[in-house]
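> As input, take data.csv (CSV, C-alpha atoms):
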```
chain,number,residue,atom,x,y,z
C,10,MET,CA,16.6,-1.7,6.8
C,11,GLY,CA,14.6,-4.8,5.7
C,12,PHE,CA,12.9,-3.6,2.5
C,13,GLY,CA,16.1,-1.9,1.3
C,14,THR,CA,18.2,-5.1,1.7
C,15,LEU,CA,15.4,-7.2,0.2
C,16,PHE,CA,15.3,-4.9,-2.8
C,17,ILE,CA,19.1,-5.3,-3.4
C,18,GLY,CA,18.9,-9.1,-3.2
C,19,TYR,CA,15.8,-9.3,-5.4
C,20,PHE,CA,17.5,-7.1,-8.0
C,21,PHE,CA,20.0,-9.9,-8.8
C,22,LEU,CA,17.0,-12.0,-10.1
C,23,ILE,CA,17.0,-9.9,-13.2
C,24,ASN,CA,19.9,-12.0,-14.3
C,25,ILE,CA,18.2,-14.7,-16.4
C,26,THR,CA,21.2,-16.0,-18.3
C,27,TYR,CA,24.1,-16.5,-15.8
C,28,PHE,CA,22.0,-16.8,-12.7
C,29,SER,CA,24.1,-19.8,-11.5
C,30,TYR,CA,26.7,-17.3,-10.4
C,31,THR,CA,24.5,-14.6,-8.8
C,32,ASP,CA,21.7,-16.6,-7.2
C,33,ALA,CA,23.8,-17.4,-4.1
C,34,ILE,CA,24.3,-13.6,-3.5
C,35,ALA,CA,20.7,-12.9,-4.2
C,36,ALA,CA,19.5,-15.5,-1.8
C,37,MET,CA,21.8,-14.5,1.1
C,38,VAL,CA,21.1,-10.8,0.7
C,39,MET,CA,17.3,-11.4,0.6
C,40,LEU,CA,17.6,-13.7,3.6
C,41,THR,CA,19.2,-10.9,5.6
C,42,GLY,CA,16.4,-8.5,4.6
C,43,LEU,CA,13.6,-11.0,5.3
C,44,TYR,CA,15.2,-11.9,8.6
C,45,ARG,CA,14.7,-8.2,9.6
C,46,LEU,CA,11.1,-8.3,8.3
C,47,SER,CA,10.2,-11.7,9.8
C,48,THR,CA,8.9,-10.0,13.0
C,49,VAL,CA,6.4,-8.0,11.0
C,50,ASN,CA,4.0,-10.8,9.9
C,51,ARG,CA,3.9,-14.5,9.1
C,52,ASP,CA,4.2,-14.1,5.3
C,53,PHE,CA,7.6,-12.5,5.7
C,54,ARG,CA,8.6,-15.2,8.1
C,55,ARG,CA,7.6,-17.8,5.5
C,56,ALA,CA,9.5,-15.8,2.8
C,57,MET,CA,12.6,-16.0,5.0
C,58,ILE,CA,12.3,-19.8,5.1
C,59,ALA,CA,11.7,-19.9,1.3
C,60,SER,CA,14.8,-17.7,0.9
C,61,ALA,CA,16.9,-20.1,3.0
C,62,VAL,CA,15.7,-23.0,0.8
C,63,PHE,CA,16.6,-20.9,-2.3
C,64,ALA,CA,20.0,-20.3,-0.9
C,65,LEU,CA,20.7,-24.1,-0.7
C,66,ILE,CA,19.5,-24.5,-4.3
C,67,ALA,CA,21.7,-21.6,-5.3
C,68,ILE,CA,24.8,-23.2,-3.7
C,69,GLY,CA,23.9,-26.4,-5.6
C,70,GLU,CA,23.7,-24.4,-8.9
C,71,LEU,CA,27.0,-22.8,-8.2
C,72,ALA,CA,28.7,-26.2,-7.5
C,73,LEU,CA,27.2,-27.6,-10.8
C,74,ALA,CA,28.4,-24.6,-12.7
C,75,PHE,CA,32.0,-25.0,-11.6
C,76,THR,CA,31.8,-28.8,-12.2
C,77,GLY,CA,30.6,-28.1,-15.7
C,78,PHE,CA,34.0,-26.3,-16.5
C,79,PHE,CA,35.8,-29.6,-16.0
C,80,VAL,CA,33.3,-32.4,-16.6
C,81,TYR,CA,30.6,-32.7,-19.3
C,82,SER,CA,28.0,-35.4,-19.2
C,83,ASP,CA,24.3,-35.9,-20.1
C,84,THR,CA,23.6,-36.7,-16.5
C,85,LEU,CA,25.0,-33.4,-15.4
C,86,THR,CA,22.9,-31.6,-18.0
C,87,MET,CA,19.8,-33.5,-16.8
C,88,ILE,CA,20.5,-32.6,-13.1
C,89,ASN,CA,21.0,-29.0,-14.1
C,90,SER,CA,17.6,-28.9,-15.9
C,91,TYR,CA,15.7,-30.3,-12.9
C,92,LEU,CA,17.6,-28.0,-10.5
C,93,GLY,CA,16.6,-25.1,-12.7
C,94,ALA,CA,12.9,-26.1,-12.4
C,95,ILE,CA,13.3,-26.4,-8.6
C,96,ARG,CA,14.9,-22.9,-8.6
C,97,TYR,CA,12.0,-21.2,-10.4
C,98,ALA,CA,9.6,-23.0,-8.1
C,99,ALA,CA,11.5,-21.7,-5.0
C,100,ILE,CA,11.5,-18.1,-6.4
C,101,PHE,CA,7.8,-18.4,-7.1
C,102,VAL,CA,7.0,-19.4,-3.5
C,103,LEU,CA,9.4,-16.8,-2.2
C,104,SER,CA,7.9,-14.0,-4.4
C,105,VAL,CA,4.3,-14.9,-3.4
C,106,PHE,CA,5.1,-14.6,0.3
C,107,ILE,CA,6.9,-11.3,-0.2
C,108,MET,CA,4.0,-9.8,-2.1
C,109,ARG,CA,1.5,-11.1,0.5
C,110,GLY,CA,3.7,-9.7,3.3
C,111,ILE,CA,3.8,-6.3,1.6
C,112,TYR,CA,0.1,-6.4,1.0
C,113,GLU,CA,-0.6,-7.1,4.7
C,114,VAL,CA,1.7,-4.3,5.9
C,115,ALA,CA,0.5,-1.8,3.4
C,116,ARG,CA,-3.1,-2.5,4.4
C,117,GLU,CA,-2.2,-2.1,8.1
C,118,VAL,CA,-0.7,1.3,7.5
C,119,GLU,CA,-3.5,2.3,5.1
C,120,ALA,CA,-1.3,2.5,2.0
C,121,ASP,CA,-4.1,1.3,-0.2
C,122,ASP,CA,-2.4,2.0,-3.5
C,123,LEU,CA,0.6,-0.1,-2.5
C,124,ALA,CA,-1.6,-2.9,-1.2
C,125,SER,CA,-3.5,-3.0,-4.5
C,126,THR,CA,-0.2,-3.1,-6.5
C,127,ALA,CA,1.1,-6.0,-4.3
C,128,LYS,CA,-2.2,-7.9,-4.8
C,129,ARG,CA,-2.1,-7.4,-8.6
C,130,SER,CA,1.4,-8.8,-8.7
C,131,LEU,CA,0.3,-12.2,-7.4
C,132,PRO,CA,-1.3,-13.5,-10.6
C,133,ILE,CA,1.8,-12.4,-12.6
C,134,SER,CA,4.0,-14.3,-10.3
C,135,PHE,CA,2.6,-17.5,-11.9
C,136,SER,CA,5.0,-16.8,-14.8
C,137,LEU,CA,7.7,-18.2,-12.5
C,138,ALA,CA,5.7,-21.4,-12.1
C,139,PHE,CA,5.4,-21.8,-15.9
C,140,ALA,CA,9.1,-21.1,-16.1
C,141,ALA,CA,9.7,-24.0,-13.7
C,142,LEU,CA,7.7,-26.3,-16.1
C,143,THR,CA,9.7,-25.1,-19.2
C,144,GLU,CA,12.9,-26.2,-17.5
C,145,LEU,CA,11.8,-29.8,-17.3
C,146,PRO,CA,13.5,-31.8,-20.1
C,147,PHE,CA,10.6,-34.1,-21.0
C,148,LEU,CA,8.4,-31.0,-21.8
C,149,SER,CA,10.6,-29.8,-24.7
C,150,VAL,CA,10.4,-33.3,-26.2
C,151,LEU,CA,6.6,-33.3,-25.9
C,152,ILE,CA,6.1,-29.8,-27.4
C,153,GLY,CA,8.9,-29.9,-29.9
C,154,LYS,CA,9.9,-26.8,-32.0
C,155,PRO,CA,7.2,-24.5,-30.6
C,156,MET,CA,8.9,-24.9,-27.2
C,157,ALA,CA,11.4,-22.1,-28.2
C,158,TYR,CA,8.5,-19.6,-28.6
C,159,VAL,CA,6.9,-20.8,-25.3
C,160,TYR,CA,10.2,-20.4,-23.5
C,161,PHE,CA,10.7,-16.8,-24.9
C,162,ILE,CA,7.2,-15.8,-23.9
C,163,VAL,CA,7.6,-17.2,-20.4
C,164,LEU,CA,11.0,-15.6,-19.9
C,165,THR,CA,9.6,-12.2,-21.0
C,166,ALA,CA,6.8,-12.6,-18.4
C,167,VAL,CA,9.3,-13.5,-15.7
C,168,VAL,CA,11.4,-10.4,-16.4
C,169,PHE,CA,8.2,-8.3,-16.4
C,170,PHE,CA,7.2,-9.8,-13.0
C,171,VAL,CA,10.7,-9.3,-11.5
C,172,VAL,CA,10.8,-5.7,-12.5
C,173,SER,CA,7.2,-5.0,-11.2
C,174,ALA,CA,8.1,-6.8,-8.0
C,175,LEU,CA,11.2,-4.6,-7.6
C,176,ILE,CA,9.1,-1.5,-8.1
C,177,THR,CA,6.6,-2.8,-5.4
C,178,ILE,CA,9.5,-3.5,-2.9
C,179,TYR,CA,11.0,-0.1,-3.6
C,180,ARG,CA,7.7,1.6,-3.0
C,181,ALA,CA,7.3,-0.3,0.3
C,182,TYR,CA,10.9,0.8,1.2
C,183,ALA,CA,10.0,4.4,0.4
C,184,SER,CA,6.5,4.6,2.0
C,185,ILE,CA,6.4,2.2,4.9
C,186,CYS,CA,8.3,3.2,8.1
C,187,MET,CA,9.5,0.0,9.9
C,188,PRO,CA,10.1,-0.2,13.7
C,189,GLU,CA,13.9,-0.1,13.2
C,190,ASP,CA,13.5,3.2,11.3
C,191,LEU,CA,11.5,4.7,14.2
C,192,GLU,CA,14.2,3.6,16.6
C,193,ARG,CA,16.9,5.1,14.4
C,194,GLU,CA,15.0,8.4,14.3
C,195,ARG,CA,14.5,8.4,18.1
C,196,LYS,CA,18.2,7.9,18.6
C,197,LYS,CA,19.0,10.7,16.1
C,198,THR,CA,16.5,13.0,17.8
C,199,LYS,CA,18.1,12.1,21.2
C,200,GLN,CA,21.6,12.8,19.9
C,201,ASN,CA,20.5,16.1,18.5
C,202,ALA,CA,18.9,17.1,21.8
C,203,LEU,CA,22.1,16.2,23.6
C,204,THR,CA,24.2,18.1,21.1
C,205,LYS,CA,22.0,21.2,21.6
C,206,PHE,CA,22.2,20.8,25.4
C,207,TYR,CA,26.0,20.5,25.4
C,208,ASP,CA,26.2,23.4,22.9
C,209,SER,CA,24.1,25.6,25.3
C,210,LEU,CA,26.3,24.6,28.3
C,211,GLU,CA,29.4,25.5,26.3
C,212,GLU,CA,27.8,28.8,25.3
C,213,SER,CA,26.9,29.5,28.9
C,214,GLY,CA,30.4,28.7,30.0
C,215,LYS,CA,31.9,31.1,27.5
C,216,LYS,CA,29.6,33.9,28.6
C,217,TYR,CA,30.4,33.3,32.2
C,218,ALA,CA,34.1,33.3,31.5
C,219,GLU,CA,33.7,36.5,29.6
C,220,TYR,CA,31.7,38.0,32.5
C,221,ARG,CA,34.5,37.0,34.9
C,222,ARG,CA,37.2,38.6,32.7
C,223,GLU,CA,35.3,41.8,32.4
C,224,ARG,CA,34.7,41.9,36.2
C,225,LYS,CA,38.3,41.2,37.0
C,226,SER,CA,39.3,43.9,34.5
C,227,ALA,CA,36.9,46.4,36.2
C,228,LYS,CA,38.4,45.6,39.6
C,229,ASN,CA,42.0,46.1,38.4
C,230,SER,CA,41.1,49.4,36.9
C,231,LYS,CA,39.5,50.6,40.2
C,232,ARG,CA,42.6,49.6,42.2
C,233,LYS,CA,44.8,51.6,39.8
C,234,LYS,CA,42.7,54.7,40.3
```
Go ahead and express the file in the form of structure tokens.


Amino acid sequence: MGFGTLFIGYFFLINITYFSYTDAIAAMVMLTGLYRLSTVNRDFRRAMIASAVFALIAIGELALAFTGFFVYSDTLTMINSYLGAIRYAAIFVLSVFIMRGIYEVAREVEADDLASTAKRSLPISFSLAFAALTELPFLSVLIGKPMAYVYFIVLTAVVFFVVSALITIYRAYASICMPEDLERERKKTKQNALTKFYDSLEESGKKYAEYRRERKSAKNSKRKK
């Protein structure tokens, strides 16, 4: 199911320390879920594209992380910082489209509470945009020592948003019935109906066989008499 797969992929974003190793998994899993949801509305389609871009960034992060084991240079550190800023920007765009997609679907199915939650999440998602800015090397030079406090506040806000987004996605998974779920239920119902039909045929066959045995037995007893 789309929302379930999306939830699993988005869950990996809680990792804010060693994300270079988990972002590729997160992006691929989210891409799978969003591909299934892309037929629902345009925002999920846009989120799918954003997830594909995020996957490319994640592959770059992973390559840099492995390179860092063998090579150390200021240039590599600088590239890593800018790539981190692009990463947060990509997650910001991705998250906005996901929340908008959930908002539209929830409004269509009259899940007003879920729609309100998704809408309220949008302003908090800007914490990801601020996180992108804090990754830029020149900003730490401009702000100086207070940058550590700014970074801590922004990261706390990012974790808060990711957790709230996960709750919203899970609520969408639990309350919104997608077309593939309906199809699955129809198949299950059809299989149950067929099973009942074959069971009734088998029961009828057993009863008929018992009737034949009883009749044959009655005939044999008459002949003996």

> Residues within 8 Å of range 162-174 of chain C, please, as a PyMOL selection string. Count all atoms listed in the file; anything in the same chain fewer than 4 positions from it doesn't count.

chain C and resi 19-20+22-23+108+127+130+133-134+136-137+139-140+158+178

> Calculate how many Å separate CA of Leu145 in chain C from CA of Asp83 in chain C, rounding to one decimal.

14.2 Å

> For Thr14 in chain C, which residue out of C:Thr143, C:Tyr182, C:Phe135, C:Arg51 is the nearest one, using only C-alpha atoms?

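Of all the options, C:Tyr182 lies closest to Thr14 in chain C.
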
> Considering only C-alpha atoms, state which residue in the set C:Ala181, C:Ile88, C:Met156, C:Ala67 is at the smallest distance from Ile107 in chain C.

C:Ala181

> When distances are computed from only C-alpha atoms, which of C:Phe161, C:Phe106, C:Phe75, C:Phe147 shows the smallest separation from Ser29 in chain C?

C:Phe75

> Excluding Gly13 in chain C and any residue of its chain fewer than 3 positions from it, enumerate the residues within 12 Å of it, using all atoms listed in the file, and give them as a PyMOL selection string.

chain C and resi 10+16-20+38-39+41-43+45-46+175-187+190

> Would you mind completing range 19-30 of chain C to all heavy atoms and writing the output as an mmCIF file, keeping the file's coordinate frame?


```cif
data_model
loop_
_atom_site.group_PDB
_atom_site.id
_atom_site.type_symbol
_atom_site.label_atom_id
_atom_site.label_comp_id
_atom_site.auth_asym_id
_atom_site.auth_seq_id
_atom_site.Cartn_x
_atom_site.Cartn_y
_atom_site.Cartn_z
ATOM 1 N N TYR C 19 16.750 -8.960 -4.336
ATOM 2 C CA TYR C 19 15.800 -9.300 -5.400
ATOM 3 C C TYR C 19 16.259 -8.802 -6.754
ATOM 4 O O TYR C 19 15.946 -9.389 -7.787
ATOM 5 C CB TYR C 19 14.403 -8.779 -5.059
ATOM 6 C CG TYR C 19 13.275 -9.582 -5.681
ATOM 7 C CD1 TYR C 19 12.705 -10.647 -4.986
ATOM 8 C CD2 TYR C 19 12.802 -9.301 -6.950
ATOM 9 C CE1 TYR C 19 11.691 -11.399 -5.542
ATOM 10 C CE2 TYR C 19 11.784 -10.042 -7.516
ATOM 11 C CZ TYR C 19 11.236 -11.086 -6.813
ATOM 12 O OH TYR C 19 10.233 -11.839 -7.374
ATOM 13 N N PHE C 20 17.014 -7.704 -6.743
ATOM 14 C CA PHE C 20 17.500 -7.100 -8.000
ATOM 15 C C PHE C 20 18.362 -8.090 -8.784
ATOM 16 O O PHE C 20 18.368 -8.075 -10.016
ATOM 17 C CB PHE C 20 18.301 -5.838 -7.669
ATOM 18 C CG PHE C 20 18.731 -5.076 -8.896
ATOM 19 C CD1 PHE C 20 17.862 -4.219 -9.543
ATOM 20 C CD2 PHE C 20 20.026 -5.238 -9.403
ATOM 21 C CE1 PHE C 20 18.264 -3.521 -10.676
ATOM 22 C CE2 PHE C 20 20.433 -4.547 -10.536
ATOM 23 C CZ PHE C 20 19.547 -3.686 -11.169
ATOM 24 N N PHE C 21 19.101 -8.957 -8.093
ATOM 25 C CA PHE C 21 20.000 -9.900 -8.800
ATOM 26 C C PHE C 21 19.172 -10.948 -9.586
ATOM 27 O O PHE C 21 19.727 -11.594 -10.475
ATOM 28 C CB PHE C 21 20.830 -10.681 -7.742
ATOM 29 C CG PHE C 21 21.990 -9.876 -7.224
ATOM 30 C CD1 PHE C 21 21.913 -9.230 -6.004
ATOM 31 C CD2 PHE C 21 23.155 -9.762 -7.961
ATOM 32 C CE1 PHE C 21 22.977 -8.480 -5.523
ATOM 33 C CE2 PHE C 21 24.229 -9.020 -7.492
ATOM 34 C CZ PHE C 21 24.141 -8.377 -6.266
ATOM 35 N N LEU C 22 17.875 -11.088 -9.312
ATOM 36 C CA LEU C 22 17.000 -12.000 -10.100
ATOM 37 C C LEU C 22 16.771 -11.595 -11.482
ATOM 38 O O LEU C 22 16.233 -12.357 -12.282
ATOM 39 C CB LEU C 22 15.722 -12.283 -9.318
ATOM 40 C CG LEU C 22 15.820 -12.929 -7.928
ATOM 41 C CD1 LEU C 22 14.440 -13.138 -7.342
ATOM 42 C CD2 LEU C 22 16.577 -14.254 -7.983
ATOM 43 N N ILE C 23 17.100 -10.332 -11.792
ATOM 44 C CA ILE C 23 17.000 -9.900 -13.200
ATOM 45 C C ILE C 23 17.887 -10.651 -14.108
ATOM 46 O O ILE C 23 17.611 -10.814 -15.295
ATOM 47 C CB ILE C 23 17.259 -8.341 -13.272
ATOM 48 C CG1 ILE C 23 16.129 -7.557 -12.606
ATOM 49 C CG2 ILE C 23 17.440 -7.880 -14.703
ATOM 50 C CD1 ILE C 23 16.312 -6.063 -12.619
ATOM 51 N N ASN C 24 18.973 -11.156 -13.558
ATOM 52 C CA ASN C 24 19.900 -12.000 -14.300
ATOM 53 C C ASN C 24 19.256 -13.298 -14.708
ATOM 54 O O ASN C 24 19.103 -14.178 -13.859
ATOM 55 C CB ASN C 24 21.188 -12.197 -13.521
ATOM 56 C CG ASN C 24 22.208 -13.033 -14.267
ATOM 57 O OD1 ASN C 24 22.085 -13.289 -15.455
ATOM 58 N ND2 ASN C 24 23.233 -13.462 -13.560
ATOM 59 N N ILE C 25 18.865 -13.448 -15.964
ATOM 60 C CA ILE C 25 18.200 -14.700 -16.400
ATOM 61 C C ILE C 25 19.070 -15.572 -17.269
ATOM 62 O O ILE C 25 18.629 -16.612 -17.761
ATOM 63 C CB ILE C 25 16.874 -14.364 -17.162
ATOM 64 C CG1 ILE C 25 17.179 -13.491 -18.383
ATOM 65 C CG2 ILE C 25 15.852 -13.718 -16.259
ATOM 66 C CD1 ILE C 25 16.002 -13.322 -19.330
ATOM 67 N N THR C 26 20.334 -15.177 -17.437
ATOM 68 C CA THR C 26 21.200 -16.000 -18.300
ATOM 69 C C THR C 26 22.315 -16.679 -17.429
ATOM 70 O O THR C 26 22.449 -17.895 -17.497
ATOM 71 C CB THR C 26 21.923 -15.073 -19.333
ATOM 72 O OG1 THR C 26 22.456 -13.900 -18.683
ATOM 73 C CG2 THR C 26 20.925 -14.642 -20.397
ATOM 74 N N TYR C 27 23.053 -15.897 -16.626
ATOM 75 C CA TYR C 27 24.100 -16.500 -15.800
ATOM 76 C C TYR C 27 23.737 -16.475 -14.324
ATOM 77 O O TYR C 27 24.539 -16.112 -13.466
ATOM 78 C CB TYR C 27 25.435 -15.741 -16.036
ATOM 79 C CG TYR C 27 25.903 -15.789 -17.467
ATOM 80 C CD1 TYR C 27 25.762 -14.668 -18.297
ATOM 81 C CD2 TYR C 27 26.449 -16.948 -18.007
ATOM 82 C CE1 TYR C 27 26.176 -14.713 -19.623
ATOM 83 C CE2 TYR C 27 26.861 -16.999 -19.332
ATOM 84 C CZ TYR C 27 26.726 -15.878 -20.135
ATOM 85 O OH TYR C 27 27.126 -15.934 -21.444
ATOM 86 N N PHE C 28 22.511 -16.869 -14.066
ATOM 87 C CA PHE C 28 22.000 -16.800 -12.700
ATOM 88 C C PHE C 28 22.698 -17.776 -11.749
ATOM 89 O O PHE C 28 22.640 -17.621 -10.527
ATOM 90 C CB PHE C 28 20.486 -17.033 -12.651
ATOM 91 C CG PHE C 28 20.028 -18.272 -13.375
ATOM 92 C CD1 PHE C 28 20.123 -19.523 -12.794
ATOM 93 C CD2 PHE C 28 19.482 -18.179 -14.650
ATOM 94 C CE1 PHE C 28 19.689 -20.661 -13.441
ATOM 95 C CE2 PHE C 28 19.034 -19.311 -15.312
ATOM 96 C CZ PHE C 28 19.146 -20.560 -14.720
ATOM 97 N N SER C 29 23.373 -18.794 -12.300
ATOM 98 C CA SER C 29 24.100 -19.800 -11.500
ATOM 99 C C SER C 29 25.126 -19.095 -10.577
ATOM 100 O O SER C 29 25.443 -19.568 -9.489
ATOM 101 C CB SER C 29 24.752 -20.838 -12.304
ATOM 102 O OG SER C 29 23.796 -21.539 -13.061
ATOM 103 N N TYR C 30 25.664 -17.959 -11.078
ATOM 104 C CA TYR C 30 26.700 -17.300 -10.400
ATOM 105 C C TYR C 30 26.237 -16.170 -9.438
ATOM 106 O O TYR C 30 26.973 -15.702 -8.576
ATOM 107 C CB TYR C 30 27.728 -16.673 -11.382
ATOM 108 C CG TYR C 30 28.253 -17.695 -12.360
ATOM 109 C CD1 TYR C 30 27.798 -17.716 -13.679
ATOM 110 C CD2 TYR C 30 29.188 -18.649 -11.966
ATOM 111 C CE1 TYR C 30 28.263 -18.675 -14.576
ATOM 112 C CE2 TYR C 30 29.660 -19.603 -12.852
ATOM 113 C CZ TYR C 30 29.191 -19.610 -14.164
ATOM 114 O OH TYR C 30 29.650 -20.559 -15.039
#
```
